Amino acid sequence: MKRRFFLLVSLCFTLLLTGCGNPRDISLTGYELVKVDALQFEEGGVHTTLHLKVGVNNPTGNKLTVKSLQANVFKENGDSFADLATLEEITAPRHFNDTIPIALDVLLKNPMALMLDGGMDIRTMKADIDAQVAWGSIKRNIVRTGVPIAKLLENGPAKEKL
């Protein structure tokens, strides 16, 4: 009787551990720009909303929810280029490998400087990111500074990946 109980507990514990997975296994597989809303010129820059389809692979047994995400993008010289923020929560169900629609509120600061500077080189741009994320019952505030934009965009745009 004790042996069966131990076997049952061991089996349940093994299933529990293997079913959850690791949040590091979650990956972005690509993105596609679907639509850009009309530009609105306002004090401080140009405002718009970007609509994206983002490929997400969540092989874990827990749902991933990005409650909010904000990013400040900086040019190579340290000047602020843009502020981005999600408009709503983003959820990737457990064992998910598909695209998720995402809307980003964007404020481009001094867009005329882009034309005068001869364009922009995203390989030299960096972002400070602040995100509130929930994975199963774990909730975290993730803050990253100086993240290269090229690293964030390396998986897209690639319609064949989506």
# chains A, B, ... in the order shown; residues from 1 in each chain; ligands from 1
>>> residues_around(residues="segment 38-55 of chain A", least_positions_apart="3", cutoff="8 Å", atoms="only C-alpha atoms", output="ChimeraX atom specification")
/A:28-35,97-111,161-162
>>> residues_around(residues="Phe74 of chain A", least_positions_apart="6", cutoff="7 Å", atoms="only C-alpha atoms", output="number ranges by chain")
A: 80-81, 125-127
>>> write_last_selection(atoms="N, CA and C atoms", output="PDB file, in the first residue's frame")
ATOM      1  N   SER A  80      16.368  60.790 -26.970  1.00  0.00           N
ATOM      2  CA  SER A  80      15.134  59.999 -26.987  1.00  0.00           C
ATOM      3  C   SER A  80      14.521  60.028 -28.383  1.00  0.00           C
ATOM      4  N   PHE A  81      14.166  58.846 -28.913  1.00  0.00           N
ATOM      5  CA  PHE A  81      13.597  58.730 -30.247  1.00  0.00           C
ATOM      6  C   PHE A  81      12.094  58.481 -30.205  1.00  0.00           C
ATOM      7  N   MET A 125      20.523  51.714 -32.103  1.00  0.00           N
ATOM      8  CA  MET A 125      19.512  52.202 -31.167  1.00  0.00           C
ATOM      9  C   MET A 125      19.310  51.210 -30.026  1.00  0.00           C
ATOM     10  N   LYS A 126      18.929  51.745 -28.872  1.00  0.00           N
ATOM     11  CA  LYS A 126      18.694  50.911 -27.687  1.00  0.00           C
ATOM     12  C   LYS A 126      17.375  51.309 -27.048  1.00  0.00           C
ATOM     13  N   ALA A 127      16.868  50.423 -26.175  1.00  0.00           N
ATOM     14  CA  ALA A 127      15.593  50.688 -25.510  1.00  0.00           C
ATOM     15  C   ALA A 127      15.681  50.347 -24.030  1.00  0.00           C
TER      16      ALA A 127
END
>>> atom_distance(atom1="atom CA of Ser68 of chain A", atom2="atom CA of Arg123 of chain A")
25.4 Å
>>> residues_around(residues="segment 141-150 of chain A", least_positions_apart="4", cutoff="12 Å", atoms="only C-alpha atoms", output="MDAnalysis selection string")
chainID A and resid 65:76 78 81 120:135 154:157
>>> select_by_dssp(residues="segment 16-159 of chain A", states="alpha helix (DSSP H)", output="list in words")
Leu16, Leu17, Thr18, Gly19, Cys20, Met112, Ala113, Leu114, Met115, Leu116, Ile149, Ala150, Lys151 and Leu152 of chain A
>>> residues_around(residues="Arg94 of chain A", least_positions_apart="6", cutoff="12 Å", atoms="only C-alpha atoms", output="PDB file with N, CA and C atoms, in the first residue's frame")
ATOM      1  N   GLY A  19       5.086  19.353 -16.728  1.00  0.00           N
ATOM      2  CA  GLY A  19       3.977  20.048 -17.374  1.00  0.00           C
ATOM      3  C   GLY A  19       4.091  21.555 -17.321  1.00  0.00           C
ATOM      4  N   CYS A  20       4.860  22.068 -16.381  1.00  0.00           N
ATOM      5  CA  CYS A  20       4.957  23.514 -16.219  1.00  0.00           C
ATOM      6  C   CYS A  20       5.942  24.133 -17.196  1.00  0.00           C
ATOM      7  N   GLY A  21       7.060  23.489 -17.419  1.00  0.00           N
ATOM      8  CA  GLY A  21       8.070  24.039 -18.302  1.00  0.00           C
ATOM      9  C   GLY A  21       8.799  25.196 -17.649  1.00  0.00           C
ATOM     10  N   ASN A  22       9.551  25.909 -18.455  1.00  0.00           N
ATOM     11  CA  ASN A  22      10.363  27.012 -17.983  1.00  0.00           C
ATOM     12  C   ASN A  22       9.995  28.249 -18.803  1.00  0.00           C
ATOM     13  N   PRO A  23       9.782  29.399 -18.159  1.00  0.00           N
ATOM     14  CA  PRO A  23       9.420  30.588 -18.931  1.00  0.00           C
ATOM     15  C   PRO A  23      10.496  30.995 -19.936  1.00  0.00           C
ATOM     16  N   ASP A  25      11.703  29.099 -22.052  1.00  0.00           N
ATOM     17  CA  ASP A  25      11.403  28.371 -23.282  1.00  0.00           C
ATOM     18  C   ASP A  25      10.480  29.161 -24.209  1.00  0.00           C
ATOM     19  N   ILE A  26       9.842  30.209 -23.695  1.00  0.00           N
ATOM     20  CA  ILE A  26       8.928  31.027 -24.494  1.00  0.00           C
ATOM     21  C   ILE A  26       9.754  31.894 -25.435  1.00  0.00           C
ATOM     22  N   VAL A  56       4.379  33.917 -31.406  1.00  0.00           N
ATOM     23  CA  VAL A  56       4.786  33.534 -30.060  1.00  0.00           C
ATOM     24  C   VAL A  56       4.736  32.022 -29.933  1.00  0.00           C
ATOM     25  N   ASN A  57       5.792  31.466 -29.376  1.00  0.00           N
ATOM     26  CA  ASN A  57       5.823  30.040 -29.067  1.00  0.00           C
ATOM     27  C   ASN A  57       5.894  29.894 -27.551  1.00  0.00           C
ATOM     28  N   ASN A  58       4.814  29.407 -26.956  1.00  0.00           N
ATOM     29  CA  ASN A  58       4.756  29.143 -25.521  1.00  0.00           C
ATOM     30  C   ASN A  58       4.562  27.638 -25.332  1.00  0.00           C
ATOM     31  N   PRO A  59       5.660  26.863 -25.279  1.00  0.00           N
ATOM     32  CA  PRO A  59       5.537  25.416 -25.134  1.00  0.00           C
ATOM     33  C   PRO A  59       5.255  24.970 -23.703  1.00  0.00           C
ATOM     34  N   THR A  60       5.193  25.910 -22.786  1.00  0.00           N
ATOM     35  CA  THR A  60       5.028  25.556 -21.373  1.00  0.00           C
ATOM     36  C   THR A  60       3.575  25.243 -21.033  1.00  0.00           C
ATOM     37  N   GLY A  61       3.376  24.721 -19.864  1.00  0.00           N
ATOM     38  CA  GLY A  61       2.038  24.382 -19.389  1.00  0.00           C
ATOM     39  C   GLY A  61       1.356  25.519 -18.657  1.00  0.00           C
ATOM     40  N   ASN A  62       1.920  26.721 -18.732  1.00  0.00           N
ATOM     41  CA  ASN A  62       1.330  27.891 -18.077  1.00  0.00           C
ATOM     42  C   ASN A  62       1.040  28.990 -19.096  1.00  0.00           C
ATOM     43  N   LYS A  63      -0.030  29.720 -18.834  1.00  0.00           N
ATOM     44  CA  LYS A  63      -0.401  30.861 -19.661  1.00  0.00           C
ATOM     45  C   LYS A  63       0.546  32.017 -19.357  1.00  0.00           C
ATOM     46  N   LEU A  64       0.959  32.723 -20.399  1.00  0.00           N
ATOM     47  CA  LEU A  64       1.784  33.917 -20.251  1.00  0.00           C
ATOM     48  C   LEU A  64       0.923  35.132 -20.530  1.00  0.00           C
ATOM     49  N   THR A  65       0.936  36.101 -19.617  1.00  0.00           N
ATOM     50  CA  THR A  65       0.189  37.341 -19.808  1.00  0.00           C
ATOM     51  C   THR A  65       1.120  38.517 -19.596  1.00  0.00           C
ATOM     52  N   TRP A 135       3.174  34.644 -15.401  1.00  0.00           N
ATOM     53  CA  TRP A 135       3.350  33.322 -15.998  1.00  0.00           C
ATOM     54  C   TRP A 135       2.816  32.327 -14.981  1.00  0.00           C
ATOM     55  N   GLY A 136       1.628  31.806 -15.266  1.00  0.00           N
ATOM     56  CA  GLY A 136       0.962  30.973 -14.264  1.00  0.00           C
ATOM     57  C   GLY A 136       0.650  31.828 -13.055  1.00  0.00           C
TER      58      GLY A 136
END
>>> atom_distance(atom1="atom CA of Leu84 of chain A", atom2="atom CA of Ser137 of chain A")
26.8 Å
>>> select_by_dssp(residues="segment 41-154 of chain A", states="strand (DSSP E or B)", output="number ranges by chain")
A: 41-42, 45-58, 64-74, 80-86, 90-92, 96-108, 126-135, 138-148
>>> write_last_selection(atoms="C-alpha atoms", output="compact mmCIF listing (two decimals), in the first residue's frame")
# COMPACT_ATOMS: atom_id res chain seq x y z
CA PHE A 41 0.87 65.80 -34.84
CA GLU A 42 0.92 66.99 -31.26
CA GLY A 45 6.11 64.69 -31.50
CA VAL A 46 3.99 62.54 -33.76
CA HIS A 47 1.52 60.08 -32.26
CA THR A 48 0.16 56.90 -33.87
CA THR A 49 -0.88 53.32 -33.17
CA LEU A 50 0.95 50.37 -34.69
CA HIS A 51 -0.95 47.13 -35.21
CA LEU A 52 1.28 44.05 -35.31
CA LYS A 53 0.97 40.29 -35.54
CA VAL A 54 3.63 38.74 -33.34
CA GLY A 55 4.55 35.08 -33.53
CA VAL A 56 4.79 33.53 -30.06
CA ASN A 57 5.82 30.04 -29.07
CA ASN A 58 4.76 29.14 -25.52
CA LEU A 64 1.78 33.92 -20.25
CA THR A 65 0.19 37.34 -19.81
CA VAL A 66 1.93 40.64 -20.46
CA LYS A 67 -0.15 43.00 -18.34
CA SER A 68 1.62 46.09 -19.67
CA LEU A 69 4.76 46.98 -21.53
CA GLN A 70 6.43 50.36 -21.94
CA ALA A 71 9.61 51.13 -23.81
CA ASN A 72 11.71 54.23 -24.36
CA VAL A 73 13.84 54.04 -27.50
CA PHE A 74 17.08 56.02 -27.74
CA SER A 80 15.13 60.00 -26.99
CA PHE A 81 13.60 58.73 -30.25
CA ALA A 82 10.22 57.21 -29.29
CA ASP A 83 7.99 56.03 -26.46
CA LEU A 84 5.94 52.85 -26.92
CA ALA A 85 3.24 51.26 -24.77
CA THR A 86 0.84 48.35 -25.18
CA ILE A 90 -1.34 40.30 -24.29
CA THR A 91 -1.96 36.62 -23.57
CA ALA A 92 -0.31 33.50 -24.93
CA PHE A 96 0.61 27.95 -27.88
CA ASN A 97 2.49 28.45 -31.14
CA ASP A 98 0.72 31.02 -33.30
CA THR A 99 0.38 34.77 -33.81
CA ILE A 100 -1.09 37.30 -31.42
CA PRO A 101 -2.41 40.71 -32.50
CA ILE A 102 -0.77 43.55 -30.59
CA ALA A 103 -1.53 47.27 -30.68
CA LEU A 104 1.22 49.68 -29.63
CA ASP A 105 0.71 53.34 -28.80
CA VAL A 106 3.72 55.18 -30.26
CA LEU A 107 5.00 58.71 -29.76
CA LEU A 108 7.83 59.60 -32.16
CA LYS A 126 18.69 50.91 -27.69
CA ALA A 127 15.59 50.69 -25.51
CA ASP A 128 14.73 50.80 -21.84
CA ILE A 129 11.88 48.35 -21.23
CA ASP A 130 9.48 48.02 -18.29
CA ALA A 131 6.96 45.16 -18.40
CA GLN A 132 4.53 43.59 -15.95
CA VAL A 133 4.33 39.87 -16.73
CA ALA A 134 2.40 36.94 -15.25
CA TRP A 135 3.35 33.32 -16.00
CA ILE A 138 4.21 33.96 -10.88
CA LYS A 139 4.01 37.73 -11.36
CA ARG A 140 7.07 39.82 -12.16
CA ASN A 141 8.00 43.34 -13.05
CA ILE A 142 10.76 43.08 -15.66
CA VAL A 143 13.00 46.08 -16.23
CA ARG A 144 15.78 46.03 -18.81
CA THR A 145 17.94 49.00 -19.81
CA GLY A 146 20.05 49.47 -22.90
CA VAL A 147 18.54 46.57 -24.86
CA PRO A 148 19.73 46.74 -28.50
